[in-house]
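**Student:** Structure incoming, see below.
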Amino acid sequence: MSVEISQSSFDSEKDYQRHLEKTWNDDVDALLPQQGQSYFNQLTHRLTRLLHADRVFAASFDLELNYGTTIADYYDGEFWDNYEFYVPETANAILAAGKSIVLGDGLRNKFPEDGSLGSYSGMIAQPAYDHDNNVIGMIVVLFKETFSWVHAANSILDLCMGRIGSEMMSFYKARQLNDMNHQLLRELALSNQLKEELSRLAYVDRITGLPNREQFRVDAKMYENLSDHWIAMFGLDCFKPINESMGIEAGDALLREIGLRITRADLDETRLYKWTGDEYLLFGLVDQLGDEETILRLCDELFDEPFDVNGSQVHVTRSTGVSLLKDHDVIDGAIQGVCIALQRAKIRGGNRTVYYDISMNKTDSQFYKVHSMMQDGISKRQFTPYYQPIYDPRLEEYTGYEALMRWIGPAGKPVFFPDQFIPIAERSGLIIALGKEMIETSITDITTWNATYGLKRDLAINLSPLQFHDDDLIRDIEKIISKVGVDPNLIKFEITESLFVHEGDYVLGKLEELKNLGFRLSLDDFGTGYSSLAYLQKYPFDIIKIDKCFVDDVVTSKKSKALIKAVLLLANDIGMKIVAEGVETEDQAHCLSMMGIDYLQGYHFSRPLPAVDILATYADHVTMKGEVKRANFLPG
């Protein structure tokens with residue numbers, strides 16, 4: 001190989017170009033026998049040395065999926081592992097469109113949004129073509145310093161682009177054949193892996209990795225005598241403000257840190273479980289009087305030190321309820337008792353431990369206070385539906401909404417959040433009246449909006465277990481439909497798995513009544529329970545709503561992606577649609593839409609909106625690229 005000389009050794013760009021072409025002709029002889037990976041390794045290495053570049057890489061495109069893959073990447077004196085990248089990003093998009101980039105300086109200013117180019121000043125890059133003149137890849141040369149004679153350097157790329165295109169076609173076909181050879185084995189292994197993973201997810205909390213409430217029930221059955229055990233449930237004080245001020249990811253990180261700190265401590269024979277939300281459960285053995293107090297004091301000490309959450313020191317306190325199993329006949333009674341004690345600890349201001357005693361089963365003053373406030377709020381019509389849009393990635397528009405109950409005071413702010421007032425509404429029976437009002441209001445709203453704009457967007461409405469067991473539910477819904485005049489097929493009732501734990505035949509009868517009236521049915525939070533597949537077989541659902549826990553890491557986790565694909569295949573086979581809820585990022589939305597999910601819902605598209613703000617979503621809809629596009633509608 002000839003010795004390469006930098007451009008500073010020449011008087012003119014023309015002289016420099018003659019030198020480059022002469023030297024490259026010598027290199028061509030060495031490249032002729034090379035093929036496939038070897039060719040691209042030699043190509044990027046030799047171009048780097050010849051042009052005194054800081055980085056040279058070759059990549060192929062899959063423009064149907066908007067992804068590219070590097071074939072060879074030579075940088076800092078070594079070859080780097082190949083990786084995938086998103087094509088519709090500034091410089092990549094230009095090359096994918098069949099245009100070259102020849103830039104000696106100002107690269108950062110030309111593509112300020114492309115973070116991968118931030119450390120470079122100059123670039124020469126050309127697209128590679130197949131025999132039918134389709135863009136199939138690119139070759140890119142990058143310089144950290146200003147490179148004045150880029151056109152001379154670009155002439156070298158002109159000389160080799162034909163060979164690069166041919167080699168890319170051969171390389172891509174070879175890789176396809178190799179993938180096909182392994183596909184059958186992967187598919188055979190996937191079935192067993194999915195079964196194992198579904199079983200594991202049923203008993204492990206996704207965020208913390210701790211055993212969950214289902215695992216606790218399994219473990220509790222292993223003991224013939226539970227009377228010598230105790231349980232404690234603790235919840236974090238003011239966890240919601242942490243989520244709101246620092247973000248959901250920071251909240252999840254805090255939950256993980258708490259779990260790690262407790263499991264690493266010496267808790268003797270005490271096990272830790274992640275219960276729900278920000279709540280944990282401790283399950284321990286009582287050898288002698290006061291054993292549980294020793295463990296709880298140790299936990300108190302663990303909370304004295306702040307938790308490191310993404311570099312920030314966060315101090316948190318906890319409220320704890322404790323119950324001795326000897327005070328209960330069954331494990332469910334002990335759990336109910338410890339929940340009552342936990343709520344009592346929170347009502348008393350938090351940061352304290354309360355032991356359960358039987359007197360707590362009596363209704364306390366706090367419950368009556370909130371109950372009275374709710375009755376007043378109902379009379380003043382303070383309970384109203386908020387609507388979260390549901391997005392169809394194929395049509396690139398909103399096609400429906402989910403109605404969510406909110407308690408809004410005179411100042412326009414929430415009086416209590418749903419997770420605070422809905423349990424009281426269910427416990428007191430007020431959920432029946434509230435639910436009926438929510439159904440009528442939301443169905444009236446969707447009917448009015450559809451008529452105004454000449455569209456047919458649908459509506460999802462949640463039914464709580466208590467509502468579902470109301471004998472007047474079907475009759476009340478029939479009256480509302482008759483009064484409003486809506487097409488029942490536009491209404492979806494969302495049901496959670498908790499309905500099926502008891503009285504399965506009763507539930508099946510109610511579901512069939514709703515289906516006979518023309519409504520659609522959706523199974524909410526799919527995947528969080530171990531018997532979901534049985535429900536799909538037995539009950540007449542039209543829609544599966546994938547739980548947020550699968551969506552959170554779909555971009556980074558091959559397992560989550562594989563599980564969603566399996567659910568998608570299952571849904572297609574039995575004629576069901578899929579809704580993915582909890583979509584919070586553009587990457588999640590893009591990944592799920594590429595997989596073929598029918599509908600997407602989450603904060604990435606919109607938070608739940610009051611009715612007055614929904615009208616704008618009929619006039620406009622947001623595409624996956626973030627552009628605002630007018631939808632067809634009739635003027636109101």
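Ordering of the structure tokens sets the chain letters (A, B, ...), residue numbers begin anew at 1 in every chain, and ligands are numbered from 1 in the order given.
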Just asking: which residues within region 403-578 of chain A are strand (DSSP E or B) according to DSSP, as a ChimeraX atom specification?

**Tutor:** /A:403-408,414,458-462,491-495,520-526,543-546,577-578

**Student:** Can you write just those residues out, C-alpha atoms, as a JSON list (two decimals), in the first residue's frame?

**Tutor:**
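Resulting contents of part-v9.json:
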```json
[["chain", "number", "residue", "atom", "x", "y", "z"],
["A", 403, "ALA", "CA", -63.71, 8.39, 29.67],
["A", 404, "LEU", "CA", -62.02, 8.80, 33.08],
["A", 405, "MET", "CA", -63.75, 10.12, 36.20],
["A", 406, "ARG", "CA", -62.41, 13.33, 37.80],
["A", 407, "TRP", "CA", -63.53, 15.30, 40.88],
["A", 408, "ILE", "CA", -63.07, 18.99, 40.05],
["A", 414, "PRO", "CA", -58.98, 18.32, 41.64],
["A", 458, "ASP", "CA", -65.83, 5.60, 19.69],
["A", 459, "LEU", "CA", -65.80, 5.74, 23.48],
["A", 460, "ALA", "CA", -64.35, 3.42, 26.13],
["A", 461, "ILE", "CA", -66.00, 3.39, 29.57],
["A", 462, "ASN", "CA", -64.69, 1.56, 32.62],
["A", 491, "ILE", "CA", -69.32, 2.19, 22.94],
["A", 492, "LYS", "CA", -66.72, -0.11, 24.54],
["A", 493, "PHE", "CA", -67.06, -1.22, 28.15],
["A", 494, "GLU", "CA", -63.71, -2.01, 29.80],
["A", 495, "ILE", "CA", -63.62, -4.85, 32.32],
["A", 520, "ARG", "CA", -68.15, -3.96, 22.40],
["A", 521, "LEU", "CA", -66.15, -5.36, 25.32],
["A", 522, "SER", "CA", -62.53, -4.76, 26.26],
["A", 523, "LEU", "CA", -60.35, -6.73, 28.69],
["A", 524, "ASP", "CA", -58.35, -4.12, 30.59],
["A", 525, "ASP", "CA", -54.80, -4.51, 31.99],
["A", 526, "PHE", "CA", -54.13, -7.67, 29.99],
["A", 543, "ILE", "CA", -60.50, -5.87, 22.40],
["A", 544, "ILE", "CA", -57.40, -6.64, 24.47],
["A", 545, "LYS", "CA", -55.82, -3.72, 26.29],
["A", 546, "ILE", "CA", -52.12, -4.43, 26.92],
["A", 577, "LYS", "CA", -58.07, -5.71, 18.30],
["A", 578, "ILE", "CA", -55.16, -4.55, 20.47]]
```

**Student:** Could you pull out the residues in region 85-262 of chain A that DSSP calls alpha helix (DSSP H) from the backbone, as number ranges by chain?

**Tutor:** A: 90-96, 107-110, 150-203, 213-220, 239-246, 248-262

**Student:** Can you write just those residues out, C-alpha atoms, as a compact mmCIF listing (two decimals), in the first residue's frame?

**Tutor:**
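Produced file again-v4.txt, reproduced below:
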```
# COMPACT_ATOMS: atom_id res chain seq x y z
CA THR A 90 -31.38 14.73 9.23
CA ALA A 91 -28.25 13.50 7.42
CA ASN A 92 -29.50 9.90 7.15
CA ALA A 93 -32.71 11.05 5.53
CA ILE A 94 -30.83 13.08 2.90
CA LEU A 95 -28.74 10.08 1.89
CA ALA A 96 -31.75 7.75 1.93
CA LEU A 107 -21.52 20.19 9.85
CA ARG A 108 -22.73 20.91 13.38
CA ASN A 109 -24.61 24.02 12.21
CA LYS A 110 -26.23 22.24 9.25
CA VAL A 150 -13.72 17.80 0.09
CA HIS A 151 -14.51 17.68 -3.64
CA ALA A 152 -11.16 16.04 -4.32
CA ALA A 153 -11.88 13.50 -1.59
CA ASN A 154 -15.41 12.98 -2.95
CA SER A 155 -13.95 11.97 -6.32
CA ILE A 156 -12.53 8.87 -4.63
CA LEU A 157 -16.02 7.86 -3.48
CA ASP A 158 -17.23 8.35 -7.08
CA LEU A 159 -14.69 5.76 -8.19
CA CYS A 160 -15.87 3.04 -5.81
CA MET A 161 -19.66 3.52 -5.43
CA GLY A 162 -20.52 0.95 -8.11
CA ARG A 163 -18.53 -1.76 -6.34
CA ILE A 164 -19.94 -0.67 -2.95
CA GLY A 165 -23.52 -1.05 -4.22
CA SER A 166 -22.85 -4.54 -5.61
CA GLU A 167 -21.16 -5.68 -2.41
CA MET A 168 -24.01 -4.30 -0.31
CA MET A 169 -26.54 -6.28 -2.36
CA SER A 170 -24.51 -9.48 -1.91
CA PHE A 171 -23.94 -8.79 1.77
CA TYR A 172 -27.62 -8.13 2.39
CA LYS A 173 -28.73 -11.30 0.55
CA ALA A 174 -26.20 -13.42 2.48
CA ARG A 175 -27.48 -12.00 5.75
CA GLN A 176 -31.09 -12.74 4.73
CA LEU A 177 -30.21 -16.36 4.01
CA ASN A 178 -28.44 -16.66 7.33
CA ASP A 179 -31.45 -15.18 9.15
CA MET A 180 -33.79 -17.62 7.42
CA ASN A 181 -31.61 -20.54 8.48
CA HIS A 182 -31.96 -19.51 12.13
CA GLN A 183 -35.59 -18.39 12.02
CA LEU A 184 -37.09 -21.86 12.43
CA LEU A 185 -34.97 -22.61 15.50
CA ARG A 186 -35.86 -19.25 17.03
CA GLU A 187 -39.57 -19.82 16.48
CA LEU A 188 -39.39 -23.29 18.01
CA ALA A 189 -37.63 -21.92 21.07
CA LEU A 190 -39.89 -18.86 21.37
CA SER A 191 -43.01 -20.78 22.40
CA ASN A 192 -41.39 -22.27 25.50
CA GLN A 193 -39.64 -19.00 26.33
CA LEU A 194 -42.92 -17.09 26.15
CA LYS A 195 -44.64 -19.59 28.43
CA GLU A 196 -41.83 -19.31 30.97
CA GLU A 197 -41.76 -15.52 30.75
CA LEU A 198 -45.53 -15.15 31.12
CA SER A 199 -45.39 -17.36 34.18
CA ARG A 200 -42.49 -15.37 35.63
CA LEU A 201 -44.16 -12.01 35.01
CA ALA A 202 -47.25 -13.20 36.85
CA TYR A 203 -45.26 -13.52 40.06
CA ARG A 213 -48.79 -10.22 45.61
CA GLU A 214 -49.50 -13.33 43.54
CA GLN A 215 -46.22 -14.84 44.73
CA PHE A 216 -47.14 -13.98 48.33
CA ARG A 217 -50.35 -15.97 48.05
CA VAL A 218 -48.41 -18.93 46.65
CA ASP A 219 -45.85 -18.70 49.47
CA ALA A 220 -48.52 -18.39 52.16
CA PHE A 239 -45.10 9.52 46.65
CA LYS A 240 -47.40 11.23 44.14
CA PRO A 241 -45.62 14.63 44.46
CA ILE A 242 -42.30 12.86 43.82
CA ASN A 243 -43.70 11.38 40.61
CA GLU A 244 -45.15 14.73 39.56
CA SER A 245 -42.06 16.83 40.32
CA MET A 246 -39.29 14.42 39.27
CA ILE A 248 -42.40 8.73 36.57
CA GLU A 249 -38.98 7.25 35.76
CA ALA A 250 -37.52 8.83 38.90
CA GLY A 251 -40.44 7.44 40.90
CA ASP A 252 -39.75 3.96 39.54
CA ALA A 253 -36.05 4.36 40.40
CA LEU A 254 -36.99 5.24 43.99
CA LEU A 255 -39.18 2.14 44.28
CA ARG A 256 -36.28 -0.01 43.07
CA GLU A 257 -33.81 1.59 45.52
CA ILE A 258 -36.16 0.97 48.45
CA GLY A 259 -36.54 -2.67 47.48
CA LEU A 260 -32.77 -3.12 47.12
CA ARG A 261 -31.98 -1.48 50.46
CA ILE A 262 -34.43 -3.63 52.40
```

**Student:** For a quick check of understanding, using only C-alpha atoms, which of A:Met374, A:Ile432, A:Ile446, A:Leu511 has the smallest distance to Asp476 (chain A)?

**Tutor:**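 Looking at the shortest contact to Asp476 (chain A), the residue is A:Ile432.
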
**Student:** For Asp471 (chain A), please output as JSON, numbers by chain all residues within 12 Å (counting only C-alpha atoms; exclusion window: fewer than 4 positions along the same chain).

**Tutor:** {"A": [432, 466, 467, 475, 476, 477, 506, 507, 509, 510]}

**Student:** Just to be explicit: take each residue in the selection above, keep N, CA and C atoms, and write the result as a compact mmCIF listing (two decimals), in the first residue's frame.

**Tutor:**
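Printed below is result.txt as written:
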```
# COMPACT_ATOMS: atom_id res chain seq x y z
N ILE A 432 -72.22 3.62 42.18
CA ILE A 432 -73.36 3.27 41.33
C ILE A 432 -73.95 4.53 40.70
N LEU A 466 -68.28 -3.17 41.43
CA LEU A 466 -69.54 -2.88 42.11
C LEU A 466 -70.62 -2.47 41.11
N GLN A 467 -70.26 -1.65 40.11
CA GLN A 467 -71.22 -1.29 39.07
C GLN A 467 -71.71 -2.54 38.35
N ARG A 475 -80.41 -2.25 32.50
CA ARG A 475 -81.61 -1.45 32.25
C ARG A 475 -81.26 0.05 32.17
N ASP A 476 -80.38 0.53 33.06
CA ASP A 476 -79.99 1.94 33.04
C ASP A 476 -79.25 2.27 31.74
N ILE A 477 -78.38 1.37 31.30
CA ILE A 477 -77.63 1.62 30.06
C ILE A 477 -78.58 1.65 28.86
N TYR A 506 -72.04 -15.47 36.57
CA TYR A 506 -72.82 -14.24 36.65
C TYR A 506 -72.22 -13.18 35.73
N VAL A 507 -70.91 -13.06 35.78
CA VAL A 507 -70.22 -12.08 34.93
C VAL A 507 -70.42 -12.40 33.47
N GLY A 509 -72.89 -13.91 32.07
CA GLY A 509 -74.24 -13.55 31.67
C GLY A 509 -74.38 -12.05 31.40
N LYS A 510 -73.79 -11.22 32.27
CA LYS A 510 -73.87 -9.77 32.08
C LYS A 510 -73.14 -9.35 30.79
```

**Student:** Name the closest residue to Ser227 (chain A) among the candidates A:Ala334, A:Ala72, A:Leu563, A:Ala58; distances are taken between atoms, counting only C-alpha atoms.

**Tutor:**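 That would be A:Ala334, the residue with the smallest distance to Ser227 (chain A).
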
**Student:** Could you check how far CA of Val338 (chain A) sits from CA of Met233 (chain A), in Å to one decimal?

**Tutor:**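 Going from CA of Val338 (chain A) over to CA of Met233 (chain A) covers 6.4 Å.
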
**Student:** When you count only C-alpha atoms, which of these residues is closest to Asn41 (chain A): A:Ile71, A:Val204, A:Leu615, A:Cys238?

**Tutor:**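 Comparing A:Ile71, A:Val204, A:Leu615, A:Cys238 against Asn41 (chain A), the winner is A:Ile71.
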
**Student:** Mind giving me the straight-line distance from CA of Thr317 (chain A) to CA of Tyr273 (chain A) in Å, one decimal?

**Tutor:**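 CA of Tyr273 (chain A) lies 18.2 Å from CA of Thr317 (chain A).
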